[in-house]
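Visitor: First the structure, then my questions, so here it is.
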Amino acid sequence: MIKADERQLLHKFLLLELAVKSLQVDYLKVEQFKMKKVFLPMMDTLLKDLRKECFNLKRELEKKRIRVVGWQSVDEYFSDVQVATAGDDVVLRYANQALKSHVEKLLIKRITNDKS
């Protein structure tokens, strides 16, 4: 059983992990930009910060004996996340569009905070 505070940590970890994966895919595309010298350093900094926070959250979850086992696409609208806990395994269902929106908000917040 996952407690409410643990579930919030897990949700934050999942969003950070998705943000890192998305930026890594986009990074390859940005390398093709004519103005890549402008965008790549910003992406490098953002990726470094997100990876660090993701790593720290993963360690915190491991201390609570919680780990993400895997992602599985249910259909084009939903994905299941398999989570192993000390007691038993849990499957959490997420709406893909909601995850995408949350990741976008997270990245926008990070980018705008870095500028100020």
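In the structure tokens, chains take the letters A, B, ... in the order shown, each chain's residues start at 1, and ligands count up from 1 in the order shown.
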May I have the residues within 8 Å of stretch 16-31 of chain A as a VMD selection string, using only C-alpha atoms and disregarding those fewer than 3 positions away in the same chain?

Guide: chain A and resid 12 to 13 36 39 to 40 43 47 50 to 51 53 to 54 103 to 104 107

Visitor: For A:Ile2, work out the shell of residues within 9 Å, counting only C-alpha atoms and skipping chain neighbours fewer than 5 positions away, then give it as a PyMOL selection string.

Guide: chain A and resi 7+66+85+90

Visitor: Pick out each residue of chain A that DSSP on the backbone tags as alpha helix (DSSP H); I need them as JSON, numbers by chain.

Guide: {"A": [4, 5, 6, 7, 8, 9, 10, 11, 12, 13, 14, 15, 16, 17, 18, 19, 20, 21, 22, 23, 24, 25, 26, 27, 28, 29, 30, 36, 37, 38, 39, 40, 41, 42, 43, 44, 45, 46, 47, 48, 49, 50, 51, 52, 53, 54, 55, 56, 57, 58, 59, 60, 61, 62, 63, 96, 97, 98, 99, 100, 101, 102, 103, 104, 105, 106, 107, 108, 109, 110, 111, 112, 113, 114, 115]}

Visitor: Measure the distance from atom CA of A:Ala86 to atom CA of A:Gln72 in Å and round it to one decimal.

Guide: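 We find that atom CA of A:Ala86 and atom CA of A:Gln72 lie 21.3 Å from each other.
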
Visitor: I'd like the interatomic distance between atom CA of A:Trp71 and atom CA of A:Leu46, to a tenth of an Å.

Guide: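 Here the two named atoms are 23.9 Å from each other.
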
Visitor: List the neighbours of A:Asp88 out to 12 Å using only C-alpha atoms; skip same-chain residues closer than 3 positions along the sequence, and give me the result as a PyMOL selection string.

Guide: chain A and resi 1-2+65-67+82-85+91

Visitor: Print the selection's residues with all heavy atoms to a file, as an mmCIF file, in the first residue's frame.

Guide:
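What landed in result_31.cif:
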```cif
data_model
loop_
_atom_site.group_PDB
_atom_site.id
_atom_site.type_symbol
_atom_site.label_atom_id
_atom_site.label_comp_id
_atom_site.auth_asym_id
_atom_site.auth_seq_id
_atom_site.Cartn_x
_atom_site.Cartn_y
_atom_site.Cartn_z
ATOM 1 N N MET A 1 0.838 -1.177 0.000
ATOM 2 C CA MET A 1 0.000 0.000 0.000
ATOM 3 C C MET A 1 0.888 1.247 0.000
ATOM 4 O O MET A 1 1.852 1.332 0.740
ATOM 5 C CB MET A 1 -0.904 -0.040 1.239
ATOM 6 C CG MET A 1 -1.875 1.075 1.319
ATOM 7 S SD MET A 1 -3.205 0.794 0.162
ATOM 8 C CE MET A 1 -4.213 2.173 0.516
ATOM 9 N N ILE A 2 0.556 2.184 -0.838
ATOM 10 C CA ILE A 2 1.326 3.427 -0.928
ATOM 11 C C ILE A 2 0.560 4.527 -0.198
ATOM 12 O O ILE A 2 -0.608 4.778 -0.492
ATOM 13 C CB ILE A 2 1.554 3.822 -2.395
ATOM 14 C CG1 ILE A 2 2.346 2.736 -3.125
ATOM 15 C CG2 ILE A 2 2.285 5.148 -2.480
ATOM 16 C CD1 ILE A 2 2.551 3.025 -4.593
ATOM 17 N N ARG A 65 11.380 1.836 0.227
ATOM 18 C CA ARG A 65 11.194 0.528 -0.413
ATOM 19 C C ARG A 65 10.109 0.574 -1.492
ATOM 20 O O ARG A 65 9.259 -0.288 -1.584
ATOM 21 C CB ARG A 65 10.921 -0.533 0.642
ATOM 22 C CG ARG A 65 12.086 -0.623 1.650
ATOM 23 C CD ARG A 65 11.850 -1.567 2.748
ATOM 24 N NE ARG A 65 11.837 -2.935 2.217
ATOM 25 C CZ ARG A 65 11.563 -3.985 2.951
ATOM 26 N NH1 ARG A 65 11.282 -3.844 4.218
ATOM 27 N NH2 ARG A 65 11.565 -5.187 2.409
ATOM 28 N N ILE A 66 10.194 1.627 -2.307
ATOM 29 C CA ILE A 66 9.276 1.794 -3.437
ATOM 30 C C ILE A 66 10.131 1.967 -4.686
ATOM 31 O O ILE A 66 11.063 2.759 -4.695
ATOM 32 C CB ILE A 66 8.386 3.044 -3.248
ATOM 33 C CG1 ILE A 66 7.527 2.890 -2.000
ATOM 34 C CG2 ILE A 66 7.529 3.291 -4.479
ATOM 35 C CD1 ILE A 66 6.776 4.163 -1.614
ATOM 36 N N ARG A 67 9.790 1.224 -5.725
ATOM 37 C CA ARG A 67 10.512 1.393 -6.987
ATOM 38 C C ARG A 67 9.572 1.152 -8.160
ATOM 39 O O ARG A 67 8.636 0.367 -8.077
ATOM 40 C CB ARG A 67 11.728 0.490 -7.069
ATOM 41 C CG ARG A 67 11.435 -0.969 -7.082
ATOM 42 C CD ARG A 67 12.717 -1.800 -7.052
ATOM 43 N NE ARG A 67 12.382 -3.186 -6.817
ATOM 44 C CZ ARG A 67 12.090 -4.050 -7.786
ATOM 45 N NH1 ARG A 67 12.123 -3.677 -9.044
ATOM 46 N NH2 ARG A 67 11.789 -5.303 -7.501
ATOM 47 N N GLN A 82 3.875 0.038 -13.192
ATOM 48 C CA GLN A 82 4.007 -1.018 -12.201
ATOM 49 C C GLN A 82 4.980 -0.553 -11.130
ATOM 50 O O GLN A 82 6.112 -0.174 -11.437
ATOM 51 C CB GLN A 82 4.507 -2.304 -12.839
ATOM 52 C CG GLN A 82 3.538 -2.876 -13.861
ATOM 53 C CD GLN A 82 4.160 -4.030 -14.621
ATOM 54 O OE1 GLN A 82 5.309 -3.947 -15.033
ATOM 55 N NE2 GLN A 82 3.395 -5.089 -14.794
ATOM 56 N N VAL A 83 4.513 -0.591 -9.890
ATOM 57 C CA VAL A 83 5.304 -0.117 -8.762
ATOM 58 C C VAL A 83 5.442 -1.242 -7.747
ATOM 59 O O VAL A 83 4.438 -1.842 -7.346
ATOM 60 C CB VAL A 83 4.630 1.111 -8.107
ATOM 61 C CG1 VAL A 83 5.445 1.621 -6.941
ATOM 62 C CG2 VAL A 83 4.408 2.206 -9.128
ATOM 63 N N ALA A 84 6.666 -1.521 -7.352
ATOM 64 C CA ALA A 84 6.927 -2.524 -6.312
ATOM 65 C C ALA A 84 7.091 -1.802 -4.981
ATOM 66 O O ALA A 84 7.831 -0.823 -4.879
ATOM 67 C CB ALA A 84 8.177 -3.318 -6.646
ATOM 68 N N THR A 85 6.376 -2.284 -3.975
ATOM 69 C CA THR A 85 6.478 -1.731 -2.628
ATOM 70 C C THR A 85 6.895 -2.845 -1.678
ATOM 71 O O THR A 85 6.987 -4.009 -2.077
ATOM 72 C CB THR A 85 5.132 -1.132 -2.162
ATOM 73 O OG1 THR A 85 4.168 -2.186 -2.051
ATOM 74 C CG2 THR A 85 4.635 -0.079 -3.135
ATOM 75 N N VAL A 91 -0.354 -1.382 -9.450
ATOM 76 C CA VAL A 91 -0.405 -0.871 -10.815
ATOM 77 C C VAL A 91 -1.220 0.415 -10.792
ATOM 78 O O VAL A 91 -2.365 0.427 -10.333
ATOM 79 C CB VAL A 91 -1.033 -1.902 -11.785
ATOM 80 C CG1 VAL A 91 -1.162 -1.302 -13.175
ATOM 81 C CG2 VAL A 91 -0.205 -3.168 -11.825
#
```

Visitor: Can you tell me how far atom CA of A:Asp49 sits from atom CA of A:Ile111, in Å to one decimal?

Guide: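 Separation between atom CA of A:Asp49 and atom CA of A:Ile111: 11.2 Å.
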